[in-house]
Structure formats: C-alpha cells, structure tokens
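Q: Questions regarding the structure given below will be posed in turn.
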Amino acid sequence: PVTAARIEVAVRGEPRELAAPVQNHLLRVALEAVTNALKHAAPTRIDIELAYEPDQIILTIRDDGRGFDDQRLPLPSSGHFGLFGMRERADKLQGALTIQSTPGHGTQIQLTVPLAE
C-alpha cells in the first residue's frame, strides 16, 4: 500500500534552461526516487532539492522512511529496476548517482550532472 507523505521541493541557485535530455533524466530520476519511497519506505516526509551551481546541477531526494541496506542493492532479476534505471540515466548524462540508506533511517539519492558551458 502506498503511504501519504509530505513532499517539499526547494530550488537553490539561479535556475537556467537545461538541455531537454537533462531535464527529462532529472525528472525521471526524481519520479522514480519518490515512487520508490512511497511504495517501499512508508515515509512521512520526502524532500526534493534541485541545486543550480555554475558548472553542475545537483538533484537530491531524501526521505525519512524505513531505509534499506545500501551495501546490498537488489539485483535487476528481482524485478526492482528503479535504482538501475537511475544509474543508467546518470551514466547517459556523464553524471554521478549516490545512494545512501540505512535500515530505519531513510534514504538519500543524489544525482550530480556536469553542465557544459
């Protein structure tokens, strides 16, 4: 069962136009992270931050849900493709995806994408 959670969105820095593929991948990673949290983590709160920096953009999604062992991610054969899809999107953008989670203490997913001048 999907739980209800308060979702807060914050934008830091000076927003600017991003290439369509960058916009699409950022949106899809955010949607997947929020969907995973709601489906699997029973969070009461999800925070999404988009930080525009001079040479990169950083998307961070944090939840206060049940978390998981981030050293033992599910295999694609388990039917859980979400985290792998996020990694593929990060790779397509020459970005870096970090996943930090601890059972009982929520999850943070961060995608850092370098921006061409």
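Naming works like this for the structure tokens: A, B, ... for the chains as they're shown, residue 1 at the start of each chain, ligands 1 onward in shown order.
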Got a sec to tell me which of region 1-115 of chain A DSSP assigns to helix (DSSP H, G or I), as a VMD selection string?

A: chain A and resid 20 to 41 76 to 78 82 to 92

Q: So which residues touch Leu31 (chain A) within 10 Å, counting only C-alpha atoms, skipping near sequence neighbours fewer than 5 positions away, as an MDAnalysis selection string?

A: chainID A and resid 25:26 36:37 61 82

Q: Under the rule that only C-alpha atoms are counted, which of A:Leu59, A:Val113, A:Leu83, A:Ala41 is the nearest residue to Ala4 (chain A)?

A: A:Ala41

Q: Kindly give the distance, in Å, that separates CA of Pro114 (chain A) and CA of Ser101 (chain A), rounded to a single decimal.

A: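 Rounded to one decimal, the two atoms are 24.1 Å apart.
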
Q: Could you list, as an NGL selection string, every residue within 7 Å of Thr112 (chain A), counting only C-alpha atoms and ignoring same-chain residues fewer than 4 positions away?

A: :A and (56-59 or 95-97)

Q: Export, as a short mmCIF file (atom, residue, chain, number, x, y, z; two decimals), in the first residue's frame, the selected residues with N, CA and C atoms.

A:
data_model
loop_
_atom_site.label_atom_id
_atom_site.label_comp_id
_atom_site.auth_asym_id
_atom_site.auth_seq_id
_atom_site.Cartn_x
_atom_site.Cartn_y
_atom_site.Cartn_z
N GLN A 56 27.46 22.63 -12.61
CA GLN A 56 26.73 21.37 -12.43
C GLN A 56 25.35 21.64 -11.84
N ILE A 57 24.51 20.62 -11.92
CA ILE A 57 23.21 20.68 -11.27
C ILE A 57 23.12 19.44 -10.38
N ILE A 58 22.58 19.63 -9.18
CA ILE A 58 22.51 18.53 -8.22
C ILE A 58 21.05 18.33 -7.80
N LEU A 59 20.56 17.12 -8.03
CA LEU A 59 19.22 16.73 -7.62
C LEU A 59 19.36 15.82 -6.41
N GLY A 95 26.96 11.80 -15.40
CA GLY A 95 26.77 12.26 -14.02
C GLY A 95 27.14 11.20 -13.02
N ALA A 96 26.93 11.52 -11.75
CA ALA A 96 27.21 10.59 -10.66
C ALA A 96 25.96 10.44 -9.81
N LEU A 97 25.60 9.19 -9.55
CA LEU A 97 24.46 8.89 -8.69
C LEU A 97 24.97 8.26 -7.42
#

Q: Rank nothing, just name the residue among A:Glu53, A:Ala10, A:Pro103, A:Asp91 nearest to Gln71 (chain A), using only C-alpha atoms.

A: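 Using only C-alpha atoms, Gln71 (chain A) sits closest to A:Pro103.
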
Q: Got a sec to tell me which of region 5-95 of chain A DSSP assigns to strand (DSSP E), as a list in words?

A: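 Filtering region 5-95 of chain A down to strand (DSSP E) leaves Arg6, Ile7, Glu8, Val9, Ala10, Val11, Arg12, Arg45, Ile46, Asp47, Ile48, Glu49, Leu50, Ala51, Tyr52, Gln56, Ile57, Ile58, Leu59, Thr60, Ile61, Arg62 and Asp63 of chain A.
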
Q: I'd like the interatomic distance between CA of Arg66 (chain A) and CA of Ala30 (chain A), to a tenth of an Å.

A: 18.5 Å

Q: Closest to Gln94 (chain A) among A:Gly67, A:Leu115, A:Ile48, A:Asp55, using only C-alpha atoms?

A: A:Leu115

Q: Taking only C-alpha atoms into account, which of A:Leu27, A:Val11, A:Leu50, A:Ala33 comes nearest Ile99 (chain A)?

A: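 Closest to Ile99 (chain A) of all the choices is A:Ala33.
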
Q: Using only C-alpha atoms, find the one residue out of A:Arg87, A:Arg16, A:Arg28, A:Arg45 that sits nearest to Gly65 (chain A).

A: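 Smallest separation from Gly65 (chain A) among the options: A:Arg45.
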
Q: Which residue is closest to Tyr52 (chain A)? Choose from A:Ala5, A:Leu18, A:Leu93, A:Ile109 and count only C-alpha atoms.

A: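 Among the listed residues, the smallest separation from Tyr52 (chain A) belongs to A:Leu18.
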
Q: Hey, what's within 9 Å of Gly85 (chain A) if we count only C-alpha atoms and toss same-chain stuff fewer than 5 positions away? As number ranges by chain, please?

A: A: 29, 32, 90

Q: Write the residues of the preceding selection, restricted to N, CA and C atoms, as a PDB file, in the first residue's frame.

A:
ATOM      1  N   VAL A  29      14.476  10.561 -12.757  1.00  0.00           N
ATOM      2  CA  VAL A  29      15.149  10.101 -11.538  1.00  0.00           C
ATOM      3  C   VAL A  29      14.348  10.552 -10.313  1.00  0.00           C
ATOM      4  N   GLU A  32      11.164   8.441 -10.016  1.00  0.00           N
ATOM      5  CA  GLU A  32      11.468   7.071  -9.588  1.00  0.00           C
ATOM      6  C   GLU A  32      11.820   7.037  -8.098  1.00  0.00           C
ATOM      7  N   ALA A  90      22.020   8.443 -15.024  1.00  0.00           N
ATOM      8  CA  ALA A  90      23.210   9.189 -14.595  1.00  0.00           C
ATOM      9  C   ALA A  90      24.353   8.979 -15.586  1.00  0.00           C
TER      10      ALA A  90
END

Q: With only C-alpha atoms as the counted atoms, please give the residues lying no more than 12 Å from Asp69 (chain A), apart from itself and same-chain residues fewer than 5 positions off, as a VMD selection string.

A: chain A and resid 74 99 to 107

Q: Include all heavy atoms and write out the residues we just selected as a CSV table (one decimal), in the first residue's frame.

A:
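Full text of selection.csv as output:
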chain,number,residue,atom,x,y,z
A,74,PRO,N,19.2,-4.6,-4.5
A,74,PRO,CA,18.5,-5.7,-5.2
A,74,PRO,C,19.1,-5.9,-6.6
A,74,PRO,O,19.4,-4.9,-7.2
A,74,PRO,CB,17.0,-5.4,-5.2
A,74,PRO,CG,17.0,-3.9,-5.0
A,74,PRO,CD,18.2,-3.5,-4.2
A,99,ILE,N,23.7,6.7,-3.6
A,99,ILE,CA,22.5,6.2,-2.9
A,99,ILE,C,23.0,5.9,-1.5
A,99,ILE,O,24.0,5.2,-1.3
A,99,ILE,CB,22.0,4.9,-3.5
A,99,ILE,CG1,21.5,5.2,-4.9
A,99,ILE,CG2,20.9,4.3,-2.6
A,99,ILE,CD1,21.3,3.9,-5.7
A,100,GLN,N,22.4,6.6,-0.5
A,100,GLN,CA,22.8,6.4,0.9
A,100,GLN,C,21.5,6.0,1.7
A,100,GLN,O,20.5,6.8,1.6
A,100,GLN,CB,23.4,7.7,1.5
A,100,GLN,CG,24.7,8.1,0.9
A,100,GLN,CD,25.2,9.5,1.4
A,100,GLN,OE1,24.4,10.4,1.3
A,100,GLN,NE2,26.4,9.5,1.9
A,101,SER,N,21.6,4.9,2.4
A,101,SER,CA,20.4,4.5,3.1
A,101,SER,C,20.9,3.6,4.2
A,101,SER,O,21.9,2.9,4.1
A,101,SER,CB,19.5,3.7,2.2
A,101,SER,OG,18.2,3.5,2.9
A,102,THR,N,20.1,3.6,5.3
A,102,THR,CA,20.4,2.8,6.5
A,102,THR,C,19.0,2.3,6.9
A,102,THR,O,18.1,3.1,7.1
A,102,THR,CB,21.1,3.5,7.6
A,102,THR,OG1,22.3,4.2,7.1
A,102,THR,CG2,21.4,2.6,8.8
A,103,PRO,N,18.9,1.0,7.2
A,103,PRO,CA,17.6,0.5,7.7
A,103,PRO,C,17.1,1.3,8.9
A,103,PRO,O,17.9,1.5,9.8
A,103,PRO,CB,17.9,-1.0,8.1
A,103,PRO,CG,19.0,-1.4,7.2
A,103,PRO,CD,19.9,-0.1,7.1
A,104,GLY,N,15.9,1.8,8.8
A,104,GLY,CA,15.3,2.6,9.9
A,104,GLY,C,15.6,4.0,9.9
A,104,GLY,O,15.1,4.8,10.7
A,105,HIS,N,16.4,4.5,8.9
A,105,HIS,CA,16.8,5.9,8.9
A,105,HIS,C,16.7,6.6,7.6
A,105,HIS,O,17.4,7.6,7.3
A,105,HIS,CB,18.3,6.0,9.4
A,105,HIS,CG,18.5,5.5,10.8
A,105,HIS,ND1,18.1,6.3,11.9
A,105,HIS,CD2,18.9,4.4,11.3
A,105,HIS,CE1,18.4,5.6,13.0
A,105,HIS,NE2,18.8,4.5,12.7
A,106,GLY,N,15.9,6.1,6.7
A,106,GLY,CA,15.6,6.8,5.5
A,106,GLY,C,16.7,6.6,4.4
A,106,GLY,O,17.6,5.8,4.6
A,107,THR,N,16.4,7.3,3.3
A,107,THR,CA,17.3,7.2,2.1
A,107,THR,C,17.6,8.6,1.5
A,107,THR,O,16.7,9.4,1.6
A,107,THR,CB,16.6,6.3,1.1
A,107,THR,OG1,16.3,5.0,1.7
A,107,THR,CG2,17.4,6.1,-0.2
